[in-house]
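Listing of target.pdb; format and content: PDB, C-alpha atoms, pLDDT in the B column.
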MODEL        1
ATOM      1  CA  MET G   1     -30.050  36.582 168.836  1.00 53.00           C
ATOM      2  CA  LYS G   2     -31.871  33.244 168.751  1.00 64.00           C
ATOM      3  CA  ASP G   3     -28.566  31.352 168.843  1.00 81.00           C
ATOM      4  CA  THR G   4     -27.087  33.460 171.649  1.00 91.00           C
ATOM      5  CA  ILE G   5     -26.536  31.747 174.991  1.00 96.00           C
ATOM      6  CA  THR G   6     -26.504  33.983 178.060  1.00 97.00           C
ATOM      7  CA  ARG G   7     -25.956  32.832 181.629  1.00 98.00           C
ATOM      8  CA  TYR G   8     -28.156  34.198 184.415  1.00 98.00           C
ATOM      9  CA  HIS G   9     -28.033  33.734 188.178  1.00 98.00           C
ATOM     10  CA  TYR G  10     -30.791  34.456 190.664  1.00 98.00           C
ATOM     11  CA  ARG G  11     -31.147  34.313 194.425  1.00 98.00           C
ATOM     12  CA  GLY G  12     -34.329  33.625 196.349  1.00 97.00           C
ATOM     13  CA  SER G  13     -35.321  33.100 199.965  1.00 96.00           C
ATOM     14  CA  LEU G  14     -37.917  30.690 201.324  1.00 95.00           C
ATOM     15  CA  THR G  15     -40.271  31.591 204.126  1.00 92.00           C
ATOM     16  CA  LYS G  16     -41.034  29.123 206.913  1.00 78.00           C
ATOM     17  CA  GLU G  17     -44.699  29.016 206.011  1.00 75.00           C
ATOM     18  CA  TYR G  18     -44.865  25.730 204.149  1.00 80.00           C
ATOM     19  CA  CYS G  19     -44.845  22.016 204.819  1.00 83.00           C
ATOM     20  CA  ASP G  20     -42.389  19.633 203.178  1.00 87.00           C
ATOM     21  CA  ALA G  21     -45.101  18.075 201.023  1.00 91.00           C
ATOM     22  CA  ASP G  22     -46.169  21.475 199.654  1.00 91.00           C
ATOM     23  CA  LEU G  23     -42.586  22.456 198.892  1.00 93.00           C
ATOM     24  CA  SER G  24     -41.881  19.112 197.228  1.00 95.00           C
ATOM     25  CA  ALA G  25     -44.942  19.518 194.992  1.00 96.00           C
ATOM     26  CA  ALA G  26     -43.873  23.055 194.065  1.00 96.00           C
ATOM     27  CA  ILE G  27     -40.350  21.888 193.208  1.00 97.00           C
ATOM     28  CA  SER G  28     -41.805  19.154 191.002  1.00 98.00           C
ATOM     29  CA  CYS G  29     -43.851  21.747 189.092  1.00 98.00           C
ATOM     30  CA  CYS G  30     -40.768  23.927 188.645  1.00 98.00           C
ATOM     31  CA  THR G  31     -38.766  20.953 187.383  1.00 98.00           C
ATOM     32  CA  VAL G  32     -41.420  20.198 184.761  1.00 98.00           C
ATOM     33  CA  GLY G  33     -41.450  23.860 183.714  1.00 98.00           C
ATOM     34  CA  ALA G  34     -37.662  23.988 183.433  1.00 98.00           C
ATOM     35  CA  GLN G  35     -37.601  20.766 181.432  1.00 98.00           C
ATOM     36  CA  SER G  36     -40.187  22.218 179.049  1.00 98.00           C
ATOM     37  CA  LEU G  37     -37.972  25.258 178.398  1.00 97.00           C
ATOM     38  CA  VAL G  38     -35.030  22.979 177.618  1.00 97.00           C
ATOM     39  CA  ASP G  39     -37.146  20.698 175.422  1.00 97.00           C
ATOM     40  CA  ASN G  40     -38.448  23.710 173.470  1.00 96.00           C
ATOM     41  CA  GLY G  41     -34.995  25.127 172.806  1.00 95.00           C
ATOM     42  CA  LYS G  42     -35.273  28.110 175.141  1.00 96.00           C
ATOM     43  CA  ALA G  43     -32.610  27.005 177.622  1.00 97.00           C
ATOM     44  CA  MET G  44     -29.621  24.675 177.675  1.00 97.00           C
ATOM     45  CA  THR G  45     -29.204  24.246 181.436  1.00 98.00           C
ATOM     46  CA  ILE G  46     -31.404  25.151 184.408  1.00 98.00           C
ATOM     47  CA  ALA G  47     -30.321  24.216 187.932  1.00 98.00           C
ATOM     48  CA  LEU G  48     -31.755  25.085 191.337  1.00 98.00           C
ATOM     49  CA  TYR G  49     -29.640  24.693 194.482  1.00 98.00           C
ATOM     50  CA  HIS G  50     -30.421  25.400 198.124  1.00 97.00           C
ATOM     51  CA  HIS G  51     -28.845  26.066 201.508  1.00 96.00           C
ATOM     52  CA  LYS G  52     -31.131  26.433 204.512  1.00 93.00           C
ATOM     53  CA  HIS G  53     -33.744  29.034 203.419  1.00 94.00           C
ATOM     54  CA  MET G  54     -31.638  30.311 200.492  1.00 96.00           C
ATOM     55  CA  LEU G  55     -32.244  29.382 196.849  1.00 98.00           C
ATOM     56  CA  PHE G  56     -29.740  29.786 194.015  1.00 98.00           C
ATOM     57  CA  LEU G  57     -30.837  29.420 190.404  1.00 98.00           C
ATOM     58  CA  TYR G  58     -28.543  29.052 187.372  1.00 98.00           C
ATOM     59  CA  VAL G  59     -29.899  29.404 183.823  1.00 98.00           C
ATOM     60  CA  GLU G  60     -28.260  29.128 180.406  1.00 98.00           C
ATOM     61  CA  ALA G  61     -30.861  30.854 178.231  1.00 97.00           C
ATOM     62  CA  ILE G  62     -30.997  30.493 174.460  1.00 97.00           C
ATOM     63  CA  GLY G  63     -32.062  33.748 172.830  1.00 93.00           C
ATOM     64  CA  GLU G  64     -34.202  35.716 175.283  1.00 90.00           C
ATOM     65  CA  GLU G  65     -33.789  35.590 179.037  1.00 92.00           C
ATOM     66  CA  CYS G  66     -35.699  32.855 180.854  1.00 94.00           C
ATOM     67  CA  ARG G  67     -36.978  34.588 183.974  1.00 94.00           C
ATOM     68  CA  PRO G  68     -37.627  32.407 187.033  1.00 97.00           C
ATOM     69  CA  GLU G  69     -41.257  33.495 186.903  1.00 92.00           C
ATOM     70  CA  ASP G  70     -41.515  31.652 183.563  1.00 91.00           C
ATOM     71  CA  PHE G  71     -41.114  28.253 185.210  1.00 96.00           C
ATOM     72  CA  CYS G  72     -40.824  28.687 189.007  1.00 96.00           C
ATOM     73  CA  SER G  73     -44.121  30.393 189.802  1.00 96.00           C
ATOM     74  CA  ALA G  74     -45.197  27.387 191.891  1.00 96.00           C
ATOM     75  CA  LEU G  75     -42.555  28.391 194.448  1.00 96.00           C
ATOM     76  CA  THR G  76     -43.727  31.996 194.744  1.00 95.00           C
ATOM     77  CA  PRO G  77     -46.201  31.430 197.641  1.00 93.00           C
ATOM     78  CA  TYR G  78     -43.340  30.039 199.739  1.00 94.00           C
ATOM     79  CA  MET G  79     -40.808  32.797 199.019  1.00 95.00           C
ATOM     80  CA  GLN G  80     -39.988  36.122 200.626  1.00 94.00           C
ATOM     81  CA  LEU G  81     -40.024  39.399 198.718  1.00 94.00           C
ATOM     82  CA  TRP G  82     -36.863  41.331 197.911  1.00 92.00           C
ATOM     83  CA  PRO G  83     -37.297  45.131 197.903  1.00 89.00           C
ATOM     84  CA  GLY G  84     -36.610  46.622 194.477  1.00 85.00           C
ATOM     85  CA  ILE G  85     -36.237  50.052 192.886  1.00 85.00           C
ATOM     86  CA  GLU G  86     -39.371  49.740 190.748  1.00 85.00           C
ATOM     87  CA  LYS G  87     -41.154  46.874 192.477  1.00 87.00           C
ATOM     88  CA  ASN G  88     -40.588  44.078 194.949  1.00 92.00           C
ATOM     89  CA  ARG G  89     -39.737  40.648 193.568  1.00 93.00           C
ATOM     90  CA  VAL G  90     -39.142  37.114 194.816  1.00 96.00           C
ATOM     91  CA  TRP G  91     -35.982  36.510 192.734  1.00 97.00           C
ATOM     92  CA  ALA G  92     -33.034  38.899 192.997  1.00 96.00           C
ATOM     93  CA  ASP G  93     -30.630  39.144 190.058  1.00 96.00           C
ATOM     94  CA  MET G  94     -27.064  38.169 190.872  1.00 98.00           C
ATOM     95  CA  TYR G  95     -24.141  39.889 189.143  1.00 97.00           C
ATOM     96  CA  HIS G  96     -22.141  37.644 186.821  1.00 97.00           C
ATOM     97  CA  ILE G  97     -18.513  38.511 187.570  1.00 97.00           C
ATOM     98  CA  TYR G  98     -16.312  35.504 186.805  1.00 98.00           C
ATOM     99  CA  TYR G  99     -15.985  32.839 184.096  1.00 98.00           C
ATOM    100  CA  HIS G 100     -13.449  31.086 181.853  1.00 98.00           C
ATOM    101  CA  ALA G 101     -15.351  31.075 178.566  1.00 98.00           C
ATOM    102  CA  VAL G 102     -17.973  33.007 176.634  1.00 97.00           C
ATOM    103  CA  PRO G 103     -20.565  30.923 174.747  1.00 96.00           C
ATOM    104  CA  GLU G 104     -19.981  31.422 171.031  1.00 93.00           C
ATOM    105  CA  SER G 105     -22.951  29.435 169.729  1.00 93.00           C
ATOM    106  CA  ILE G 106     -25.301  26.616 170.638  1.00 94.00           C
ATOM    107  CA  GLU G 107     -22.976  24.098 169.015  1.00 94.00           C
ATOM    108  CA  ASP G 108     -19.980  25.525 170.828  1.00 94.00           C
ATOM    109  CA  TRP G 109     -21.726  25.338 174.212  1.00 96.00           C
ATOM    110  CA  LYS G 110     -23.443  21.969 173.836  1.00 95.00           C
ATOM    111  CA  ARG G 111     -21.831  19.262 175.963  1.00 95.00           C
ATOM    112  CA  THR G 112     -20.320  16.431 173.938  1.00 89.00           C
ATOM    113  CA  THR G 113     -21.012  14.044 176.823  1.00 92.00           C
ATOM    114  CA  LYS G 114     -23.236  14.392 179.865  1.00 92.00           C
ATOM    115  CA  PRO G 115     -21.211  15.713 182.830  1.00 96.00           C
ATOM    116  CA  ALA G 116     -20.794  13.377 185.769  1.00 97.00           C
ATOM    117  CA  LEU G 117     -21.517  16.224 188.206  1.00 97.00           C
ATOM    118  CA  GLN G 118     -23.219  19.613 187.889  1.00 97.00           C
ATOM    119  CA  ARG G 119     -22.036  21.494 190.925  1.00 97.00           C
ATOM    120  CA  GLY G 120     -23.510  24.421 192.797  1.00 98.00           C
ATOM    121  CA  ARG G 121     -21.672  26.056 195.670  1.00 98.00           C
ATOM    122  CA  ILE G 122     -21.584  29.305 197.647  1.00 98.00           C
ATOM    123  CA  ALA G 123     -19.050  31.379 199.554  1.00 97.00           C
ATOM    124  CA  PHE G 124     -19.330  34.316 201.921  1.00 97.00           C
ATOM    125  CA  LEU G 125     -17.020  37.319 201.578  1.00 98.00           C
ATOM    126  CA  TYR G 126     -15.985  39.667 204.357  1.00 97.00           C
ATOM    127  CA  PRO G 127     -17.681  43.021 203.595  1.00 97.00           C
ATOM    128  CA  ASP G 128     -14.373  44.921 203.735  1.00 97.00           C
ATOM    129  CA  LYS G 129     -12.867  42.497 201.184  1.00 98.00           C
ATOM    130  CA  LEU G 130     -15.748  42.614 198.741  1.00 97.00           C
ATOM    131  CA  TYR G 131     -14.287  45.203 196.372  1.00 97.00           C
ATOM    132  CA  SER G 132     -10.872  43.562 196.398  1.00 98.00           C
ATOM    133  CA  TYR G 133     -12.433  40.257 195.323  1.00 98.00           C
ATOM    134  CA  ILE G 134     -14.430  41.943 192.552  1.00 98.00           C
ATOM    135  CA  HIS G 135     -11.444  43.984 191.351  1.00 98.00           C
ATOM    136  CA  HIS G 136      -9.159  40.992 190.969  1.00 98.00           C
ATOM    137  CA  HIS G 137     -11.709  38.649 189.441  1.00 98.00           C
ATOM    138  CA  LEU G 138     -12.854  41.192 186.884  1.00 98.00           C
ATOM    139  CA  ALA G 139      -9.169  41.745 186.043  1.00 98.00           C
ATOM    140  CA  ILE G 140      -8.731  37.993 185.457  1.00 98.00           C
ATOM    141  CA  VAL G 141     -11.792  37.974 183.185  1.00 98.00           C
ATOM    142  CA  ARG G 142     -10.666  41.052 181.229  1.00 98.00           C
ATOM    143  CA  GLU G 143      -7.234  39.513 180.714  1.00 98.00           C
ATOM    144  CA  GLY G 144      -8.824  36.218 179.631  1.00 98.00           C
ATOM    145  CA  LEU G 145      -5.761  33.990 180.062  1.00 98.00           C
ATOM    146  CA  LEU G 146      -6.538  31.897 183.148  1.00 98.00           C
ATOM    147  CA  SER G 147      -7.788  28.414 182.250  1.00 97.00           C
ATOM    148  CA  GLY G 148     -10.597  26.729 184.150  1.00 97.00           C
ATOM    149  CA  ASP G 149     -13.818  24.833 183.608  1.00 97.00           C
ATOM    150  CA  LYS G 150     -15.565  25.996 180.452  1.00 98.00           C
ATOM    151  CA  TYR G 151     -18.904  26.001 182.248  1.00 98.00           C
ATOM    152  CA  GLN G 152     -17.800  27.593 185.527  1.00 98.00           C
ATOM    153  CA  SER G 153     -19.693  30.743 186.370  1.00 98.00           C
ATOM    154  CA  ILE G 154     -19.600  32.861 189.538  1.00 98.00           C
ATOM    155  CA  ALA G 155     -22.149  35.524 190.419  1.00 98.00           C
ATOM    156  CA  LEU G 156     -22.473  37.894 193.367  1.00 98.00           C
ATOM    157  CA  HIS G 157     -25.366  39.212 195.456  1.00 97.00           C
ATOM    158  CA  GLU G 158     -24.685  41.144 198.653  1.00 96.00           C
ATOM    159  CA  ASN G 159     -21.585  39.389 200.013  1.00 97.00           C
ATOM    160  CA  ILE G 160     -22.572  35.924 198.763  1.00 98.00           C
ATOM    161  CA  LEU G 161     -20.906  34.227 195.794  1.00 98.00           C
ATOM    162  CA  PHE G 162     -22.767  31.512 193.887  1.00 98.00           C
ATOM    163  CA  SER G 163     -20.682  29.256 191.674  1.00 98.00           C
ATOM    164  CA  TYR G 164     -21.753  26.726 189.047  1.00 98.00           C
ATOM    165  CA  PHE G 165     -19.347  24.312 187.360  1.00 97.00           C
ATOM    166  CA  GLU G 166     -19.205  20.802 185.972  1.00 97.00           C
ATOM    167  CA  GLU G 167     -17.055  17.717 186.426  1.00 97.00           C
ATOM    168  CA  PRO G 168     -15.071  16.390 184.735  1.00 96.00           C
ATOM    169  CA  LYS G 169     -13.884  19.886 183.853  1.00 95.00           C
ATOM    170  CA  THR G 170     -13.496  21.080 180.275  1.00 95.00           C
ATOM    171  CA  MET G 171     -10.413  23.266 180.578  1.00 96.00           C
ATOM    172  CA  ILE G 172     -10.367  26.478 178.536  1.00 97.00           C
ATOM    173  CA  ASN G 173      -9.717  30.204 178.839  1.00 98.00           C
ATOM    174  CA  ILE G 174     -11.610  33.188 177.474  1.00 98.00           C
ATOM    175  CA  ARG G 175      -9.070  33.862 174.721  1.00 97.00           C
ATOM    176  CA  ARG G 176      -8.989  30.152 173.899  1.00 95.00           C
ATOM    177  CA  ASP G 177      -5.206  30.362 173.850  1.00 95.00           C
ATOM    178  CA  SER G 178      -3.222  28.474 176.490  1.00 91.00           C
ATOM    179  CA  SER G 179       0.185  29.638 175.240  1.00 94.00           C
ATOM    180  CA  LEU G 180       0.293  32.750 177.458  1.00 94.00           C
ATOM    181  CA  THR G 181       0.602  33.042 181.248  1.00 95.00           C
ATOM    182  CA  SER G 182      -1.902  34.952 183.357  1.00 97.00           C
ATOM    183  CA  GLU G 183      -0.414  37.883 185.230  1.00 97.00           C
ATOM    184  CA  ALA G 184      -3.784  38.772 186.792  1.00 98.00           C
ATOM    185  CA  ILE G 185      -3.929  35.531 188.763  1.00 98.00           C
ATOM    186  CA  LYS G 186      -0.472  36.293 190.185  1.00 98.00           C
ATOM    187  CA  GLU G 187      -1.776  39.635 191.454  1.00 98.00           C
ATOM    188  CA  TRP G 188      -4.808  37.900 193.034  1.00 98.00           C
ATOM    189  CA  MET G 189      -2.603  35.343 194.768  1.00 98.00           C
ATOM    190  CA  ALA G 190      -0.414  38.151 196.125  1.00 98.00           C
ATOM    191  CA  VAL G 191      -3.262  39.718 198.146  1.00 98.00           C
ATOM    192  CA  ASP G 192      -3.941  36.606 200.267  1.00 97.00           C
ATOM    193  CA  PRO G 193      -7.121  35.121 198.735  1.00 97.00           C
ATOM    194  CA  GLU G 194      -7.954  33.202 201.928  1.00 96.00           C
ATOM    195  CA  SER G 195      -8.364  36.475 203.830  1.00 97.00           C
ATOM    196  CA  HIS G 196     -11.356  37.400 201.648  1.00 98.00           C
ATOM    197  CA  PHE G 197     -13.562  34.484 202.710  1.00 97.00           C
ATOM    198  CA  MET G 198     -15.672  34.020 205.807  1.00 96.00           C
ATOM    199  CA  HIS G 199     -15.074  30.425 206.898  1.00 92.00           C
ATOM    200  CA  LEU G 200     -18.374  29.532 208.489  1.00 86.00           C
ATOM    201  CA  PRO G 201     -18.662  26.221 210.397  1.00 87.00           C
ATOM    202  CA  GLU G 202     -20.704  24.619 207.612  1.00 86.00           C
ATOM    203  CA  CYS G 203     -17.905  25.413 205.129  1.00 85.00           C
ATOM    204  CA  LYS G 204     -15.630  23.032 207.084  1.00 87.00           C
ATOM    205  CA  GLY G 205     -12.562  25.175 206.433  1.00 89.00           C
ATOM    206  CA  ALA G 206     -13.130  25.559 202.674  1.00 94.00           C
ATOM    207  CA  ASN G 207     -13.778  28.858 200.900  1.00 96.00           C
ATOM    208  CA  PHE G 208     -16.798  27.465 199.010  1.00 97.00           C
ATOM    209  CA  MET G 209     -19.317  24.928 200.220  1.00 96.00           C
ATOM    210  CA  PHE G 210     -21.186  22.585 197.919  1.00 97.00           C
ATOM    211  CA  LEU G 211     -24.976  22.748 197.814  1.00 97.00           C
ATOM    212  CA  PRO G 212     -27.614  20.084 197.226  1.00 97.00           C
ATOM    213  CA  ALA G 213     -29.748  20.544 194.125  1.00 98.00           C
ATOM    214  CA  TYR G 214     -33.515  20.601 193.990  1.00 98.00           C
ATOM    215  CA  PHE G 215     -33.197  19.869 190.279  1.00 98.00           C
ATOM    216  CA  VAL G 216     -30.852  20.090 187.283  1.00 98.00           C
ATOM    217  CA  VAL G 217     -32.158  19.821 183.728  1.00 98.00           C
ATOM    218  CA  GLN G 218     -29.915  20.057 180.684  1.00 97.00           C
ATOM    219  CA  LEU G 219     -30.001  19.676 176.925  1.00 93.00           C
TER     220      LEU G 219
ENDMDL
END
Mind converting the file's structure to structure tokens?
Amino acid sequence: MKDTITRYHYRGSLTKEYCDADLSAAISCCTVGAQSLVDNGKAMTIALYHHKHMLFLYVEAIGEECRPEDFCSALTPYMQLWPGIEKNRVWADMYHIYYHAVPESIEDWKRTTKPALQRGRIAFLYPDKLYSYIHHHLAIVREGLLSGDKYQSIALHENILFSYFEEPKTMINIRRDSSLTSEAIKEWMAVDPESHFMHLPECKGANFMFLPAYFVVQL
């Protein structure tokens, strides 16, 4: 268990009741906390991205889950509550639905060189296309033949997709066998992928839009 790497994604929402200086100080505290988790071998990557009032957090935890409350408590006074089944919370769990590789060990997942870019981006799905998107992307994952960035990871909350990946890309597939052709991706392409995405003005015609990062820390 201690050598297991698990990827987690969380979504938060800022209130308007803060000044820039307060938020900047809170982000600095969170960055220090995230760096401490990485330095102490509890996480390999922690990255926080933002768009308007929305926050998107990506964590590669080593062993036990690193909850946002473990290192982002300084942000709590400036965040809205999400209603929950058992209790309200400031960070909502996102559902991890798409990836090209499964971490096999710390050594397997450790970057051989520091990536030039650690990207965060989001996309908005039309509500009536949500299940089609999930169906096809889970099929691609189950098949395990489509190659892509080793570190790419897409999670879902409501109709919002949050994607993390790195550049330059380390190309791989889940089966770690590039000799076979993916049939699942052909089925996804046949249902008009573009029709699934809401192209908001800030997306500038693209399905996903890149987000600025508040911080990225990595082993």
Review point. Using only C-alpha atoms, which residue out of G:Ser28, G:Ser153, G:Ser163, G:Ser132 lies closest to G:Met189?
Key: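 Result for the nearest residue to G:Met189: G:Ser132.
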Check your understanding: Care to translate the PyMOL selection byres ((chain G and resi 67) around 10) into actual residues of this file, as a list in words?
Key -> Tyr8, His9, Tyr10, Val59, Ala61, Glu64, Glu65, Cys66, Pro68, Glu69, Asp70, Phe71, Cys72, Trp91 and Asp93 of chain G
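Distances here use only C-alpha atoms; by that measure, the residue among G:Lys204, G:Lys52, G:His196, G:Arg142 closest to G:Ile97 is G:Arg142.
Residues surrounding stretch 172-186 of chain G within 8 Å are Tyr99, His100, Ala101, Val102, His136, Ala139, Ile140, Val141, Glu143, Gly144, Leu145, Leu146, Ser147, Gly148, Asp149, Lys150, Met189 and Ala190 of chain G [only C-alpha atoms; sequence separation below 3 positions excluded].
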Check your understanding: Expressed in Å to a single decimal, how great is the separation between atom CA of G:Thr170 and atom CA of G:Tyr151?
Key ->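 Taking atom CA of G:Thr170 as the start and atom CA of G:Tyr151 as the end point, the length is 7.6 Å.
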Selection in question (the file shown): the PyMOL selection byres ((chain G and resi 37-49) around 10). Which residues does it include, as a PDB file with C-alpha atoms, in the coordinates of the input?
ATOM      1  CA  LYS G   2     -31.871  33.244 168.751  1.00 64.00           C
ATOM      2  CA  ASP G   3     -28.566  31.352 168.843  1.00 81.00           C
ATOM      3  CA  ILE G   5     -26.536  31.747 174.991  1.00 96.00           C
ATOM      4  CA  THR G   6     -26.504  33.983 178.060  1.00 97.00           C
ATOM      5  CA  ARG G   7     -25.956  32.832 181.629  1.00 98.00           C
ATOM      6  CA  TYR G   8     -28.156  34.198 184.415  1.00 98.00           C
ATOM      7  CA  HIS G   9     -28.033  33.734 188.178  1.00 98.00           C
ATOM      8  CA  TYR G  10     -30.791  34.456 190.664  1.00 98.00           C
ATOM      9  CA  ARG G  11     -31.147  34.313 194.425  1.00 98.00           C
ATOM     10  CA  ILE G  27     -40.350  21.888 193.208  1.00 97.00           C
ATOM     11  CA  CYS G  30     -40.768  23.927 188.645  1.00 98.00           C
ATOM     12  CA  THR G  31     -38.766  20.953 187.383  1.00 98.00           C
ATOM     13  CA  VAL G  32     -41.420  20.198 184.761  1.00 98.00           C
ATOM     14  CA  GLY G  33     -41.450  23.860 183.714  1.00 98.00           C
ATOM     15  CA  ALA G  34     -37.662  23.988 183.433  1.00 98.00           C
ATOM     16  CA  GLN G  35     -37.601  20.766 181.432  1.00 98.00           C
ATOM     17  CA  SER G  36     -40.187  22.218 179.049  1.00 98.00           C
ATOM     18  CA  HIS G  50     -30.421  25.400 198.124  1.00 97.00           C
ATOM     19  CA  HIS G  51     -28.845  26.066 201.508  1.00 96.00           C
ATOM     20  CA  MET G  54     -31.638  30.311 200.492  1.00 96.00           C
ATOM     21  CA  LEU G  55     -32.244  29.382 196.849  1.00 98.00           C
ATOM     22  CA  PHE G  56     -29.740  29.786 194.015  1.00 98.00           C
ATOM     23  CA  LEU G  57     -30.837  29.420 190.404  1.00 98.00           C
ATOM     24  CA  TYR G  58     -28.543  29.052 187.372  1.00 98.00           C
ATOM     25  CA  VAL G  59     -29.899  29.404 183.823  1.00 98.00           C
ATOM     26  CA  GLU G  60     -28.260  29.128 180.406  1.00 98.00           C
ATOM     27  CA  ALA G  61     -30.861  30.854 178.231  1.00 97.00           C
ATOM     28  CA  ILE G  62     -30.997  30.493 174.460  1.00 97.00           C
ATOM     29  CA  GLY G  63     -32.062  33.748 172.830  1.00 93.00           C
ATOM     30  CA  GLU G  64     -34.202  35.716 175.283  1.00 90.00           C
ATOM     31  CA  GLU G  65     -33.789  35.590 179.037  1.00 92.00           C
ATOM     32  CA  CYS G  66     -35.699  32.855 180.854  1.00 94.00           C
ATOM     33  CA  PRO G  68     -37.627  32.407 187.033  1.00 97.00           C
ATOM     34  CA  ASP G  70     -41.515  31.652 183.563  1.00 91.00           C
ATOM     35  CA  PHE G  71     -41.114  28.253 185.210  1.00 96.00           C
ATOM     36  CA  ILE G 106     -25.301  26.616 170.638  1.00 94.00           C
ATOM     37  CA  TRP G 109     -21.726  25.338 174.212  1.00 96.00           C
ATOM     38  CA  LYS G 110     -23.443  21.969 173.836  1.00 95.00           C
ATOM     39  CA  ARG G 111     -21.831  19.262 175.963  1.00 95.00           C
ATOM     40  CA  GLN G 118     -23.219  19.613 187.889  1.00 97.00           C
ATOM     41  CA  ARG G 119     -22.036  21.494 190.925  1.00 97.00           C
ATOM     42  CA  GLY G 120     -23.510  24.421 192.797  1.00 98.00           C
ATOM     43  CA  ARG G 121     -21.672  26.056 195.670  1.00 98.00           C
ATOM     44  CA  ILE G 122     -21.584  29.305 197.647  1.00 98.00           C
ATOM     45  CA  PHE G 162     -22.767  31.512 193.887  1.00 98.00           C
ATOM     46  CA  TYR G 164     -21.753  26.726 189.047  1.00 98.00           C
ATOM     47  CA  PHE G 210     -21.186  22.585 197.919  1.00 97.00           C
ATOM     48  CA  LEU G 211     -24.976  22.748 197.814  1.00 97.00           C
ATOM     49  CA  PRO G 212     -27.614  20.084 197.226  1.00 97.00           C
ATOM     50  CA  ALA G 213     -29.748  20.544 194.125  1.00 98.00           C
ATOM     51  CA  TYR G 214     -33.515  20.601 193.990  1.00 98.00           C
ATOM     52  CA  PHE G 215     -33.197  19.869 190.279  1.00 98.00           C
ATOM     53  CA  VAL G 216     -30.852  20.090 187.283  1.00 98.00           C
ATOM     54  CA  VAL G 217     -32.158  19.821 183.728  1.00 98.00           C
ATOM     55  CA  GLN G 218     -29.915  20.057 180.684  1.00 97.00           C
ATOM     56  CA  LEU G 219     -30.001  19.676 176.925  1.00 93.00           C
TER      57      LEU G 219
END
Review point. How many Å lie between atom CA of G:Leu161 and atom CA of G:Phe208, rounded to one decimal?
Key: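 Rounded to one decimal, the two atoms are 8.5 Å apart.
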Output stretch 23-34 of chain G as a short mmCIF file (atom, residue, chain, number, x, y, z; two decimals), keeping the file's coordinate frame, making sure N, CA, C and O atoms are there.
data_model
loop_
_atom_site.label_atom_id
_atom_site.label_comp_id
_atom_site.auth_asym_id
_atom_site.auth_seq_id
_atom_site.Cartn_x
_atom_site.Cartn_y
_atom_site.Cartn_z
N LEU G 23 -43.81 22.03 199.56
CA LEU G 23 -42.59 22.46 198.89
C LEU G 23 -42.16 21.44 197.85
O LEU G 23 -41.75 21.80 196.74
N SER G 24 -42.25 20.17 198.17
CA SER G 24 -41.88 19.11 197.23
C SER G 24 -42.74 19.17 195.97
O SER G 24 -42.24 19.02 194.85
N ALA G 25 -44.05 19.41 196.15
CA ALA G 25 -44.94 19.52 194.99
C ALA G 25 -44.59 20.73 194.14
O ALA G 25 -44.61 20.67 192.90
N ALA G 26 -44.25 21.84 194.80
CA ALA G 26 -43.87 23.06 194.06
C ALA G 26 -42.59 22.83 193.28
O ALA G 26 -42.48 23.26 192.12
N ILE G 27 -41.61 22.18 193.90
CA ILE G 27 -40.35 21.89 193.21
C ILE G 27 -40.60 21.00 192.00
O ILE G 27 -40.01 21.19 190.92
N SER G 28 -41.48 20.03 192.13
CA SER G 28 -41.80 19.15 191.00
C SER G 28 -42.39 19.94 189.83
O SER G 28 -42.04 19.71 188.67
N CYS G 29 -43.27 20.90 190.14
CA CYS G 29 -43.85 21.75 189.09
C CYS G 29 -42.78 22.58 188.41
O CYS G 29 -42.77 22.74 187.18
N CYS G 30 -41.86 23.11 189.20
CA CYS G 30 -40.77 23.93 188.64
C CYS G 30 -39.85 23.09 187.76
O CYS G 30 -39.38 23.55 186.71
N THR G 31 -39.61 21.85 188.17
CA THR G 31 -38.77 20.95 187.38
C THR G 31 -39.39 20.68 186.03
O THR G 31 -38.72 20.70 184.99
N VAL G 32 -40.70 20.44 186.02
CA VAL G 32 -41.42 20.20 184.76
C VAL G 32 -41.35 21.44 183.88
O VAL G 32 -41.12 21.35 182.66
N GLY G 33 -41.52 22.62 184.48
CA GLY G 33 -41.45 23.86 183.71
C GLY G 33 -40.08 24.10 183.13
O GLY G 33 -39.94 24.52 181.97
N ALA G 34 -39.04 23.83 183.92
CA ALA G 34 -37.66 23.99 183.43
C ALA G 34 -37.37 23.00 182.31
O ALA G 34 -36.75 23.36 181.29
#
